[in-house]
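Peer 1: My file is structure-v8.txt. It has compact mmCIF, C-alpha atoms:
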```txt
# COMPACT_ATOMS: atom_id res chain seq x y z
CA MET V 1 -55.19 42.56 185.77
CA ALA V 2 -52.41 42.69 188.37
CA ASP V 3 -49.85 39.89 188.28
CA SER V 4 -50.29 37.89 191.51
CA ARG V 5 -46.61 36.97 191.39
CA ILE V 6 -45.71 40.59 192.28
CA ASP V 7 -47.49 40.31 195.63
CA LYS V 8 -45.91 36.92 196.35
CA LEU V 9 -42.47 38.32 195.63
CA ALA V 10 -43.09 41.38 197.83
CA ASN V 11 -44.24 39.14 200.68
CA MET V 12 -41.09 37.05 200.35
CA LEU V 13 -38.82 40.12 200.33
CA VAL V 14 -40.42 41.54 203.47
CA ASN V 15 -41.19 38.45 205.53
CA TYR V 16 -38.38 36.10 204.52
CA SER V 17 -35.49 38.02 202.95
CA VAL V 18 -35.19 40.80 205.56
CA GLN V 19 -37.79 39.52 208.04
CA VAL V 20 -39.16 42.93 208.97
CA GLN V 21 -40.03 43.19 212.67
CA PRO V 22 -42.46 45.64 214.33
CA GLY V 23 -40.86 49.04 214.85
CA GLU V 24 -37.99 48.57 212.40
CA LYS V 25 -37.11 51.40 210.02
CA VAL V 26 -37.18 50.05 206.47
CA ALA V 27 -35.93 51.96 203.41
CA ILE V 28 -37.47 50.99 200.08
CA THR V 29 -35.18 52.16 197.30
CA GLY V 30 -34.96 51.64 193.56
CA ASP V 31 -36.46 52.93 190.33
CA THR V 32 -39.90 54.32 189.60
CA ALA V 33 -40.26 51.77 186.78
CA ALA V 34 -40.60 49.17 189.54
CA GLU V 35 -43.69 50.95 190.93
CA PRO V 36 -45.99 47.87 191.15
CA LEU V 37 -43.44 45.97 193.23
CA VAL V 38 -42.56 49.00 195.37
CA LYS V 39 -46.23 49.49 196.28
CA ALA V 40 -46.62 45.83 197.20
CA VAL V 41 -43.45 45.92 199.33
CA TYR V 42 -44.64 49.12 201.03
CA ARG V 43 -47.93 47.46 201.98
CA HIS V 44 -46.25 44.33 203.34
CA VAL V 45 -43.79 46.39 205.42
CA LEU V 46 -46.76 48.20 207.01
CA GLN V 47 -48.53 44.91 207.63
CA ALA V 48 -45.38 43.57 209.31
CA GLY V 49 -45.33 46.57 211.66
CA GLY V 50 -42.32 48.31 210.14
CA PHE V 51 -41.86 51.99 209.35
CA PRO V 52 -41.34 52.25 205.57
CA PHE V 53 -39.58 55.13 203.84
CA THR V 54 -39.40 55.24 200.05
CA MET V 55 -36.47 56.76 198.18
CA LEU V 56 -36.89 56.21 194.44
CA SER V 57 -34.95 57.47 191.44
CA LEU V 58 -36.23 58.52 188.05
CA ASN V 59 -34.55 56.67 185.21
CA GLY V 60 -32.10 59.05 183.52
CA LEU V 61 -31.04 61.06 186.56
CA ASP V 62 -27.63 59.34 186.75
CA GLU V 63 -26.99 60.24 183.12
CA ILE V 64 -27.78 63.89 183.85
CA MET V 65 -25.56 63.88 186.94
CA PHE V 66 -22.50 62.50 185.16
CA LYS V 67 -23.01 64.95 182.28
CA TYR V 68 -23.40 68.17 184.28
CA ALA V 69 -22.03 67.65 187.81
CA SER V 70 -18.75 69.20 188.90
CA ASP V 71 -16.17 67.02 190.64
CA ASP V 72 -17.32 68.38 194.01
CA GLN V 73 -20.90 67.52 193.16
CA LEU V 74 -19.88 63.99 192.20
CA ARG V 75 -18.16 63.61 195.57
CA HIS V 76 -21.13 64.96 197.52
CA ILE V 77 -23.07 62.36 199.50
CA PRO V 78 -26.62 63.44 200.40
CA PRO V 79 -27.13 63.29 204.18
CA ALA V 80 -30.23 61.16 203.61
CA HIS V 81 -28.05 58.42 202.10
CA GLU V 82 -25.67 58.55 205.06
CA LEU V 83 -28.59 58.42 207.49
CA LEU V 84 -30.02 55.37 205.73
CA VAL V 85 -26.76 53.40 205.79
CA ASN V 86 -25.84 54.43 209.34
CA THR V 87 -29.17 54.17 211.15
CA TYR V 88 -31.82 52.17 209.25
CA ASP V 89 -32.60 48.59 210.21
CA ALA V 90 -33.31 47.29 206.72
CA ARG V 91 -33.29 48.19 203.05
CA ILE V 92 -35.26 46.62 200.22
CA ALA V 93 -34.09 47.66 196.76
CA CYS V 94 -36.39 47.21 193.76
CA TYR V 95 -34.56 48.03 190.54
CA GLY V 96 -36.33 48.53 187.21
CA GLU V 97 -34.15 49.84 184.40
CA THR V 98 -35.62 51.37 181.26
CA ASN V 99 -32.25 51.87 179.52
CA THR V 100 -29.44 49.57 180.59
CA ARG V 101 -26.92 51.40 178.40
CA ALA V 102 -27.64 54.93 179.63
CA LEU V 103 -24.14 55.36 181.10
CA SER V 104 -22.20 53.72 178.27
CA SER V 105 -20.59 56.98 177.11
CA VAL V 106 -19.74 58.40 180.54
CA ASP V 107 -16.05 59.12 181.12
CA PRO V 108 -14.79 56.35 183.46
CA SER V 109 -12.71 58.89 185.40
CA ARG V 110 -15.90 60.67 186.47
CA MET V 111 -17.37 57.39 187.64
CA ALA V 112 -14.18 56.78 189.61
CA ILE V 113 -14.61 60.10 191.44
CA PHE V 114 -18.17 59.12 192.34
CA ASP V 115 -17.19 55.61 193.46
CA GLN V 116 -14.17 56.67 195.50
CA ALA V 117 -16.23 59.16 197.48
CA ARG V 118 -18.56 56.33 198.55
CA THR V 119 -15.94 53.89 199.81
CA GLY V 120 -16.78 54.79 203.40
CA LEU V 121 -20.49 54.17 202.84
CA MET V 122 -19.78 50.75 201.39
CA ASP V 123 -17.51 49.90 204.33
CA THR V 124 -20.22 50.93 206.80
CA MET V 125 -22.91 48.96 205.00
CA MET V 126 -20.80 45.80 204.90
CA ARG V 127 -19.74 46.15 208.53
CA ARG V 128 -23.30 46.69 209.79
CA SER V 129 -24.57 43.88 207.57
CA ALA V 130 -21.93 41.46 208.88
CA SER V 131 -22.86 42.30 212.48
CA GLY V 132 -26.60 41.83 211.83
CA GLU V 133 -27.45 45.48 212.49
CA TYR V 134 -28.45 46.14 208.88
CA LYS V 135 -30.58 43.78 206.83
CA TRP V 136 -30.77 44.27 203.08
CA THR V 137 -32.09 42.63 199.96
CA LEU V 138 -32.39 43.58 196.31
CA THR V 139 -34.25 42.36 193.27
CA ILE V 140 -35.04 43.38 189.71
CA PHE V 141 -38.51 44.17 188.43
CA PRO V 142 -38.90 42.92 184.84
CA THR V 143 -38.86 45.71 182.24
CA ASN V 144 -38.66 45.81 178.46
CA ALA V 145 -35.06 47.01 178.63
CA CYS V 146 -33.95 43.99 180.66
CA ALA V 147 -36.00 41.66 178.48
CA GLN V 148 -34.26 43.01 175.37
CA ASP V 149 -30.85 42.47 176.97
CA ALA V 150 -31.83 38.87 177.65
CA ASP V 151 -33.16 38.39 174.08
CA MET V 152 -36.66 37.71 175.38
CA SER V 153 -40.12 39.17 175.03
CA LEU V 154 -41.42 40.89 178.15
CA ASP V 155 -43.79 37.98 178.87
CA GLU V 156 -40.94 35.50 178.55
CA TYR V 157 -38.70 37.61 180.75
CA GLU V 158 -41.38 37.96 183.43
CA ASP V 159 -41.73 34.17 183.52
CA PHE V 160 -37.94 33.85 183.74
CA VAL V 161 -37.60 36.41 186.56
CA TYR V 162 -40.41 35.10 188.74
CA GLY V 163 -39.37 31.51 188.05
CA ALA V 164 -35.81 32.23 189.18
CA CYS V 165 -36.95 34.20 192.25
CA MET V 166 -39.70 31.79 193.26
CA PRO V 167 -39.10 28.31 191.79
CA ASP V 168 -42.03 27.09 193.89
CA LEU V 169 -44.82 29.63 193.42
CA GLU V 170 -47.07 27.79 195.84
CA ASP V 171 -44.51 27.99 198.65
CA PRO V 172 -41.73 30.46 197.77
CA ILE V 173 -40.44 30.80 201.33
CA GLY V 174 -40.50 27.06 201.96
CA TYR V 175 -38.49 26.48 198.78
CA TRP V 176 -35.65 28.76 199.89
CA GLN V 177 -35.67 27.24 203.37
CA ARG V 178 -35.19 23.77 201.85
CA PHE V 179 -32.58 25.11 199.43
CA SER V 180 -30.72 26.64 202.36
CA LEU V 181 -30.41 23.24 204.06
CA TRP V 182 -28.89 21.75 200.88
CA GLN V 183 -26.32 24.54 200.59
CA ASP V 184 -25.47 24.10 204.27
CA LYS V 185 -24.11 20.66 203.34
CA ILE V 186 -21.80 22.20 200.72
CA ILE V 187 -20.53 24.74 203.22
CA ALA V 188 -20.00 22.08 205.90
CA TRP V 189 -17.84 20.09 203.44
CA LEU V 190 -15.76 23.18 202.62
CA ALA V 191 -15.19 24.11 206.28
CA GLY V 192 -11.53 23.96 207.24
CA LYS V 193 -10.27 23.54 203.67
CA LYS V 194 -7.22 25.49 202.54
CA GLU V 195 -6.99 25.78 198.76
CA VAL V 196 -9.30 25.81 195.75
CA ARG V 197 -7.94 25.16 192.26
CA VAL V 198 -10.13 26.04 189.26
CA LEU V 199 -9.41 24.55 185.84
CA ALA V 200 -11.31 25.56 182.70
CA LYS V 201 -10.60 26.86 179.21
CA ASP V 202 -7.63 29.26 179.47
CA THR V 203 -8.13 29.21 183.24
CA ASP V 204 -5.91 27.85 185.99
CA LEU V 205 -6.40 29.55 189.34
CA ARG V 206 -5.20 28.71 192.83
CA ILE V 207 -7.19 30.40 195.59
CA ASN V 208 -6.24 30.41 199.26
CA ILE V 209 -9.36 30.01 201.45
CA GLU V 210 -7.59 28.99 204.66
CA GLY V 211 -9.40 30.45 207.66
CA ARG V 212 -12.15 31.95 205.50
CA LYS V 213 -15.87 31.26 205.86
CA PHE V 214 -18.30 30.32 203.08
CA ILE V 215 -21.71 32.01 203.18
CA ASN V 216 -25.05 30.42 202.30
CA CYS V 217 -26.90 32.67 199.83
CA ASP V 218 -30.45 31.45 200.17
CA GLY V 219 -32.77 34.32 199.25
CA HIS V 220 -31.98 36.83 201.98
CA ASN V 221 -29.71 39.42 200.33
CA ASN V 222 -30.29 38.67 196.65
CA VAL V 223 -33.54 37.66 195.00
CA PRO V 224 -33.12 35.48 193.06
CA ASP V 225 -30.37 33.71 194.91
CA GLY V 226 -28.37 30.54 194.69
CA GLU V 227 -24.67 30.68 195.50
CA VAL V 228 -22.11 29.89 198.16
CA PHE V 229 -19.27 32.39 198.46
CA THR V 230 -16.27 33.38 200.49
CA GLY V 231 -13.59 36.07 200.53
CA PRO V 232 -10.19 34.64 199.56
CA ALA V 233 -7.00 35.59 201.35
CA GLU V 234 -6.05 39.02 200.03
CA ASP V 235 -2.65 37.77 198.83
CA GLY V 236 -3.87 34.27 198.02
CA VAL V 237 -4.98 34.26 194.37
CA ASP V 238 -2.51 33.14 191.71
CA GLY V 239 -2.83 32.17 188.07
CA LYS V 240 -5.02 33.20 185.17
CA VAL V 241 -8.74 33.29 184.41
CA ASN V 242 -10.67 33.76 181.20
CA PHE V 243 -14.27 34.79 181.92
CA SER V 244 -16.79 33.08 179.62
CA PHE V 245 -19.44 35.78 179.78
CA PRO V 246 -19.26 39.56 179.28
CA ALA V 247 -18.54 41.49 182.46
CA ILE V 248 -20.97 44.38 182.86
CA TYR V 249 -20.49 47.35 185.18
CA ASP V 250 -21.94 50.86 185.18
CA GLY V 251 -23.73 50.14 181.92
CA ARG V 252 -20.54 49.05 180.10
CA GLU V 253 -20.22 45.58 178.60
CA VAL V 254 -16.64 44.27 178.66
CA THR V 255 -16.17 41.08 176.67
CA GLY V 256 -13.34 38.54 176.68
CA VAL V 257 -11.99 39.57 180.09
CA ARG V 258 -8.71 37.85 180.98
CA LEU V 259 -6.93 38.45 184.27
CA TRP V 260 -3.53 37.32 185.56
CA PHE V 261 -2.92 37.23 189.33
CA GLU V 262 0.22 37.16 191.42
CA LYS V 263 -0.02 37.06 195.22
CA GLY V 264 -3.63 38.13 195.11
CA LYS V 265 -3.22 41.11 192.80
CA VAL V 266 -4.18 41.57 189.15
CA VAL V 267 -0.84 42.18 187.45
CA LYS V 268 -2.13 41.99 183.89
CA ALA V 269 -5.57 42.37 182.31
CA SER V 270 -6.99 42.40 178.83
CA ALA V 271 -10.37 42.38 177.10
CA ASP V 272 -11.69 42.06 173.56
CA LYS V 273 -14.07 44.99 173.99
CA ASN V 274 -13.91 48.01 176.34
CA GLU V 275 -10.47 47.10 177.66
CA GLU V 276 -9.80 50.75 178.55
CA PHE V 277 -12.83 50.75 180.83
CA LEU V 278 -11.66 47.53 182.51
CA LEU V 279 -8.24 49.01 183.20
CA SER V 280 -9.73 52.23 184.54
CA LYS V 281 -11.83 50.29 187.06
CA LEU V 282 -8.81 48.27 188.15
CA ASP V 283 -7.13 51.58 188.99
CA THR V 284 -10.05 52.86 191.10
CA ASP V 285 -8.10 52.16 194.30
CA GLU V 286 -5.68 49.64 195.81
CA GLY V 287 -8.38 47.09 196.61
CA ALA V 288 -9.83 47.08 193.10
CA ARG V 289 -7.07 44.76 191.84
CA ARG V 290 -7.75 42.15 194.52
CA VAL V 291 -10.53 39.60 194.88
CA GLY V 292 -13.24 40.34 197.42
CA GLU V 293 -15.42 37.34 196.60
CA PHE V 294 -15.21 33.85 195.11
CA ALA V 295 -18.43 31.89 194.60
CA PHE V 296 -20.22 28.96 193.00
CA GLY V 297 -23.53 29.62 191.22
CA THR V 298 -26.17 27.06 192.23
CA ASN V 299 -29.52 28.22 190.80
CA GLU V 300 -30.49 25.52 188.29
CA GLY V 301 -33.39 27.68 187.10
CA ILE V 302 -30.90 30.15 185.60
CA THR V 303 -29.30 28.50 182.61
CA LYS V 304 -28.51 31.36 180.21
CA PHE V 305 -26.70 34.67 180.28
CA THR V 306 -29.08 37.65 180.52
CA ARG V 307 -26.76 40.63 181.04
CA GLN V 308 -28.11 41.15 184.56
CA ILE V 309 -25.45 40.18 187.10
CA LEU V 310 -28.05 39.52 189.80
CA PHE V 311 -29.14 36.54 187.69
CA ASP V 312 -25.97 35.69 185.79
CA GLU V 313 -23.77 35.17 188.85
CA LYS V 314 -26.24 32.51 190.03
CA ILE V 315 -26.11 30.42 186.83
CA GLY V 316 -26.02 26.79 187.91
CA GLY V 317 -22.68 25.34 186.87
CA SER V 318 -20.69 28.57 187.02
CA PHE V 319 -18.29 30.31 189.34
CA HIS V 320 -17.76 34.03 189.74
CA MET V 321 -15.22 36.33 191.28
CA ALA V 322 -15.68 39.91 192.38
CA LEU V 323 -12.88 42.42 192.14
CA GLY V 324 -12.94 44.93 194.96
CA ALA V 325 -14.72 45.08 198.29
CA GLY V 326 -15.08 41.85 200.24
CA TYR V 327 -17.71 40.88 202.79
CA PRO V 328 -16.37 41.00 206.37
CA GLU V 329 -18.47 38.01 207.45
CA THR V 330 -16.26 35.79 205.24
CA GLY V 331 -13.09 37.05 206.88
CA SER V 332 -12.25 39.36 203.98
CA VAL V 333 -10.61 42.65 204.82
CA ASN V 334 -10.32 43.89 201.24
CA LYS V 335 -11.70 47.40 200.85
CA SER V 336 -12.57 49.18 197.63
CA ALA V 337 -15.13 51.51 196.10
CA ILE V 338 -16.04 48.82 193.57
CA HIS V 339 -17.44 45.29 193.72
CA TRP V 340 -17.43 43.90 190.18
CA ASP V 341 -18.66 40.34 189.67
CA MET V 342 -17.37 38.39 186.67
CA VAL V 343 -18.74 34.96 185.67
CA CYS V 344 -17.09 31.85 184.22
CA ASP V 345 -18.97 28.79 182.88
CA LEU V 346 -17.78 25.42 184.18
CA ARG V 347 -20.41 23.24 182.50
CA ASN V 348 -18.22 22.11 179.61
CA GLY V 349 -15.08 20.53 180.96
CA GLY V 350 -14.49 22.72 184.02
CA GLN V 351 -13.10 21.25 187.21
CA VAL V 352 -12.64 22.47 190.77
CA TRP V 353 -10.25 20.73 193.13
CA VAL V 354 -10.24 21.47 196.86
CA ASP V 355 -7.17 20.41 198.81
CA ASN V 356 -6.30 18.08 195.91
CA GLN V 357 -9.73 16.38 195.95
CA LEU V 358 -12.11 16.68 192.99
CA PHE V 359 -15.01 18.78 194.25
CA TYR V 360 -16.84 19.96 191.13
CA GLU V 361 -16.86 18.83 187.51
CA ASN V 362 -18.80 19.95 184.44
CA GLY V 363 -20.93 22.26 186.56
CA ARG V 364 -21.88 19.64 189.16
CA PHE V 365 -20.78 18.88 192.72
CA VAL V 366 -19.19 15.42 192.75
CA ILE V 367 -18.79 15.07 196.51
CA ASP V 368 -21.27 13.23 198.73
CA LEU V 369 -23.79 15.71 200.14
```
Show me the file's structure as structure tokens.

Peer 2:
Amino acid sequence: MADSRIDKLANMLVNYSVQVQPGEKVAITGDTAAEPLVKAVYRHVLQAGGFPFTMLSLNGLDEIMFKYASDDQLRHIPPAHELLVNTYDARIACYGETNTRALSSVDPSRMAIFDQARTGLMDTMMRRSASGEYKWTLTIFPTNACAQDADMSLDEYEDFVYGACMPDLEDPIGYWQRFSLWQDKIIAWLAGKKEVRVLAKDTDLRINIEGRKFINCDGHNNVPDGEVFTGPAEDGVDGKVNFSFPAIYDGREVTGVRLWFEKGKVVKASADKNEEFLLSKLDTDEGARRVGEFAFGTNEGITKFTRQILFDEKIGGSFHMALGAGYPETGSVNKSAIHWDMVCDLRNGGQVWVDNQLFYENGRFVIDL
């Protein structure tokens, strides 16, 4: 029997997250393992009057590419991908991994070639998204591989995923609309502020947010959602941070990440595991050593680390930072081929001060909202 939650999620993605309008060209991308969700999304796009186009990948193709492709082949960008980013009105990505460690043994230098060649595509996507020309959203379809990473059975993981994406199953869209109004209050309080200071275990960061805008993440771009973020001043991050949770990128798990910043740039970095990979990513390009995003996780339905950044960066009581490309709508001008989110738990003694006023303590907002 089909899971009715799949159809509810598809409806939310189409009619709330990207709000497909009649005549819009909508790309549906992702993995074939997410087939039930892709089919439901396809149907809802048609019912909304959009023109759907599916572009799905077989699990394992990336592994084959990195093993056999020449450098020129790694740099090649299929015209269909360029057409999608440059001309489509919306994109709905439905990921469904069957092996989350498939790229663990790939030479990081080959990944760097691939990433660097796509810097322009990322710039275009972020620019069009910031201007409202390009609507996008992404989600993860629950698979055994993801469930194993989260130390759950598939049934448990399905309940976790749908519960995080749709905390109110009877009215998923209404829930995110109400949630959006609550986060608006946080953003209104932060408006016009100049400096954030984060204090936690082995962490003391000063972040310049003067003139930058915080964004309300309320189920439009990410599903699940639950964060408010900005792009710090490119030269405005100083201090050190010790990330509580493993940082995962391109199938590599890097644990015990510690970063030291001076005038916005990572000047020193270390890790307990996969440090070489961390350092290689920091050397991807000039922007990779700067912070493109700083955010507070606000989804109280996500309480544990699952090794899926789409969920982990939303953990209620956490903050995260992304090295690399920033979002232009925040005021960020940092450009990079990477955008690597790293998460720090603030629920046990963490504090955030904003312009010398206590703003957040032990994973909770302490201001009047």

Peer 1: Looking at V:Pro167, V:Pro172, V:Gly23, V:Gly324, which one is nearest to Val45 of chain V, with distances taken over all atoms listed in the file?

Peer 2: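 Closest residue, counting all atoms listed in the file: V:Gly23.
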
Peer 1: Counting all atoms listed in the file, what is within 7 Å of segment 130-140 of chain V, bar same-chain residues fewer than 3 positions away, as a PDB file with C-alpha atoms, in the coordinates of the input?

Peer 2:
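This is the output file around.pdb:
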```pdb
ATOM      1  CA  SER V  17     -35.490  38.020 202.950  1.00  0.00           C
ATOM      2  CA  VAL V  18     -35.190  40.800 205.560  1.00  0.00           C
ATOM      3  CA  TYR V  88     -31.820  52.170 209.250  1.00  0.00           C
ATOM      4  CA  ASP V  89     -32.600  48.590 210.210  1.00  0.00           C
ATOM      5  CA  ALA V  90     -33.310  47.290 206.720  1.00  0.00           C
ATOM      6  CA  ARG V  91     -33.290  48.190 203.050  1.00  0.00           C
ATOM      7  CA  ILE V  92     -35.260  46.620 200.220  1.00  0.00           C
ATOM      8  CA  ALA V  93     -34.090  47.660 196.760  1.00  0.00           C
ATOM      9  CA  CYS V  94     -36.390  47.210 193.760  1.00  0.00           C
ATOM     10  CA  TYR V  95     -34.560  48.030 190.540  1.00  0.00           C
ATOM     11  CA  GLY V  96     -36.330  48.530 187.210  1.00  0.00           C
ATOM     12  CA  MET V 126     -20.800  45.800 204.900  1.00  0.00           C
ATOM     13  CA  ARG V 127     -19.740  46.150 208.530  1.00  0.00           C
ATOM     14  CA  HIS V 220     -31.980  36.830 201.980  1.00  0.00           C
ATOM     15  CA  ASN V 221     -29.710  39.420 200.330  1.00  0.00           C
ATOM     16  CA  ASN V 222     -30.290  38.670 196.650  1.00  0.00           C
ATOM     17  CA  VAL V 223     -33.540  37.660 195.000  1.00  0.00           C
ATOM     18  CA  PRO V 224     -33.120  35.480 193.060  1.00  0.00           C
ATOM     19  CA  PRO V 328     -16.370  41.000 206.370  1.00  0.00           C
ATOM     20  CA  GLU V 329     -18.470  38.010 207.450  1.00  0.00           C
TER      21      GLU V 329
END
```

Peer 1: Nearest residue to Arg128 of chain V out of V:Asn86, V:Pro36, V:Met55, V:Cys344, using only C-alpha atoms?

Peer 2: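 Among V:Asn86, V:Pro36, V:Met55, V:Cys344, it is V:Asn86 that comes nearest to Arg128 of chain V.
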
Peer 1: Could you tell me which of V:Gln116, V:Pro142, V:Thr124, V:Glu170 comes closest to Asp31 of chain V if we count all atoms listed in the file?

Peer 2: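 Of V:Gln116, V:Pro142, V:Thr124, V:Glu170, the one nearest Asp31 of chain V, counting all atoms listed in the file, is V:Pro142.
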
Peer 1: Using all atoms listed in the file, what table do you get, as CSV, when you list each residue of segment 92-172 of chain V with an atom no more than 12 Å from segment 263-276 of chain V, its nearest pair of atoms, and their distance in Å rounded to one decimal, rows by chain then rising number?

Peer 2:
```
residue,atom,partner,partner_atom,distance
V:Ser104,CA,V:Asn274,CA,10.2
V:Ser105,CA,V:Asn274,CA,11.2
V:Asp107,CA,V:Glu276,CA,10.8
V:Pro108,CA,V:Glu276,CA,9.0
V:Ser109,CA,V:Glu276,CA,11.0
```

Peer 1: Quick check, in Å to one decimal: how far apart do atom CA of Asn334 of chain V and atom CA of Ile28 of chain V lie?

Peer 2: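 So the two atoms, atom CA of Asn334 of chain V and atom CA of Ile28 of chain V, lie 28.1 Å apart.
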
Peer 1: One decimal, Å: what's the distance from atom CA of Thr203 of chain V over to atom CA of Leu346 of chain V, could you say?

Peer 2: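 Interatomic distance, atom CA of Thr203 of chain V to atom CA of Leu346 of chain V: 10.4 Å.
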
Peer 1: Taking only C-alpha atoms into account, name the residue in V:Thr298, V:Gln357, V:Asn208, V:Ser57 that is nearest to Glu35 of chain V.

Peer 2: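 Smallest separation from Glu35 of chain V among the options: V:Ser57.
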
Peer 1: Using all atoms listed in the file for the distances, tell me which of V:Ile209, V:Val85, V:Ile215, V:Val14 is nearest to Asp184 of chain V.

Peer 2: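 Residue with the minimum atom-to-atom distance to Asp184 of chain V: V:Ile215.
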
Peer 1: Write out as a Markdown table a residue-level contact list of segment 136-230 of chain V versus segment 236-260 of chain V with cut-off 6 Å: for each qualifying residue the closest pair of atoms and the distance in Å to one decimal, counting only C-alpha atoms, rows sorted by chain and residue number upward.

Peer 2:
```
| residue | atom | partner | partner_atom | distance |
| --- | --- | --- | --- | --- |
| V:Asp202 | CA | V:Asn242 | CA | 5.7 |
| V:Thr203 | CA | V:Val241 | CA | 4.3 |
| V:Asp204 | CA | V:Lys240 | CA | 5.5 |
| V:Leu205 | CA | V:Gly239 | CA | 4.6 |
| V:Arg206 | CA | V:Asp238 | CA | 5.3 |
| V:Ile207 | CA | V:Val237 | CA | 4.6 |
| V:Asn208 | CA | V:Gly236 | CA | 4.7 |
```

Peer 1: Which is closest to Ile338 of chain V among V:Gly30, V:Gly49, V:Gly60, V:Gly292, if we use all atoms listed in the file?

Peer 2: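 Under the stated criterion, the closest residue is V:Gly292.
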
Peer 1: Determine, counting all atoms listed in the file, which protein, DNA and RNA residues have an atom within 9 Å of an atom of Gln308 of chain V; residues of the same chain fewer than 4 positions away are not included. Present the result as JSON, numbers by chain.

Peer 2: {"V": [140, 146, 149, 150, 248, 312, 313]}

Peer 1: In Å, with one decimal, what is the gap from atom CA of Thr54 of chain V to atom CA of Gln177 of chain V?

Peer 2: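 We find that atom CA of Thr54 of chain V and atom CA of Gln177 of chain V lie 28.4 Å from each other.
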
Peer 1: What's the 10 Å shell around Ile367 of chain V, counting all atoms listed in the file, without same-chain residues fewer than 6 positions away, as a PyMOL selection string?

Peer 2: chain V and resi 186+189+357-361

Peer 1: Find the residues around Phe214 of chain V up to 10 Å (only C-alpha atoms counted), leave out those fewer than 6 positions away in its own chain, and share them as a PyMOL selection string.

Peer 2: chain V and resi 184+186-188+190-191+227-232+293-295+329-331

Peer 1: Excluding Leu83 of chain V and residues on its chain fewer than 6 positions from it, collect all residues at most 12 Å away from it, counting only C-alpha atoms, and give them as a VMD selection string.

Peer 2: chain V and resid 25 27 77 89 121 124 to 125

Peer 1: To test the calculation: enclose all listed atoms of segment 129-139 of chain V in a box whose edges run along x, y and z, add 8 Å on each side, then state centre and edge lengths in Å to one decimal, as lines of an AutoDock Vina configuration file.

Peer 2:
```
center_x = -28.1
center_y = 43.8
center_z = 202.9
size_x = 28.3
size_y = 20.7
size_z = 35.2
```

Peer 1: From the block I gave, I'd like segment 326-338 of chain V written with N, CA and C atoms, as a compact mmCIF listing (two decimals), in the first residue's frame.

Peer 2:
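Result file follows (part.txt):
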```
# COMPACT_ATOMS: atom_id res chain seq x y z
N GLY V 326 28.31 32.16 -0.90
CA GLY V 326 27.26 32.79 -0.11
C GLY V 326 26.06 33.11 -0.98
N TYR V 327 24.93 33.38 -0.33
CA TYR V 327 23.69 33.69 -1.04
C TYR V 327 23.58 35.20 -1.24
N PRO V 328 23.47 35.66 -2.49
CA PRO V 328 23.45 37.09 -2.75
C PRO V 328 22.34 37.84 -2.03
N GLU V 329 21.20 37.19 -1.78
CA GLU V 329 20.08 37.88 -1.13
C GLU V 329 20.41 38.31 0.29
N THR V 330 21.47 37.74 0.90
CA THR V 330 21.89 38.16 2.23
C THR V 330 22.82 39.36 2.19
N GLY V 331 23.34 39.65 1.02
CA GLY V 331 24.38 40.66 0.87
C GLY V 331 25.75 40.07 0.65
N SER V 332 25.85 38.73 0.73
CA SER V 332 27.14 38.06 0.54
C SER V 332 27.61 38.18 -0.90
N VAL V 333 28.90 38.39 -1.05
CA VAL V 333 29.49 38.40 -2.39
C VAL V 333 30.57 37.33 -2.49
N ASN V 334 30.61 36.43 -1.51
CA ASN V 334 31.63 35.38 -1.55
C ASN V 334 31.29 34.36 -2.61
N LYS V 335 32.25 34.04 -3.45
CA LYS V 335 32.05 33.08 -4.54
C LYS V 335 32.99 31.90 -4.37
N SER V 336 32.48 30.73 -4.65
CA SER V 336 33.30 29.52 -4.54
C SER V 336 32.57 28.38 -5.25
N ALA V 337 33.33 27.34 -5.56
CA ALA V 337 32.72 26.14 -6.14
C ALA V 337 32.12 25.24 -5.08
N ILE V 338 32.42 25.54 -3.79
CA ILE V 338 31.87 24.69 -2.73
C ILE V 338 30.92 25.48 -1.84
```
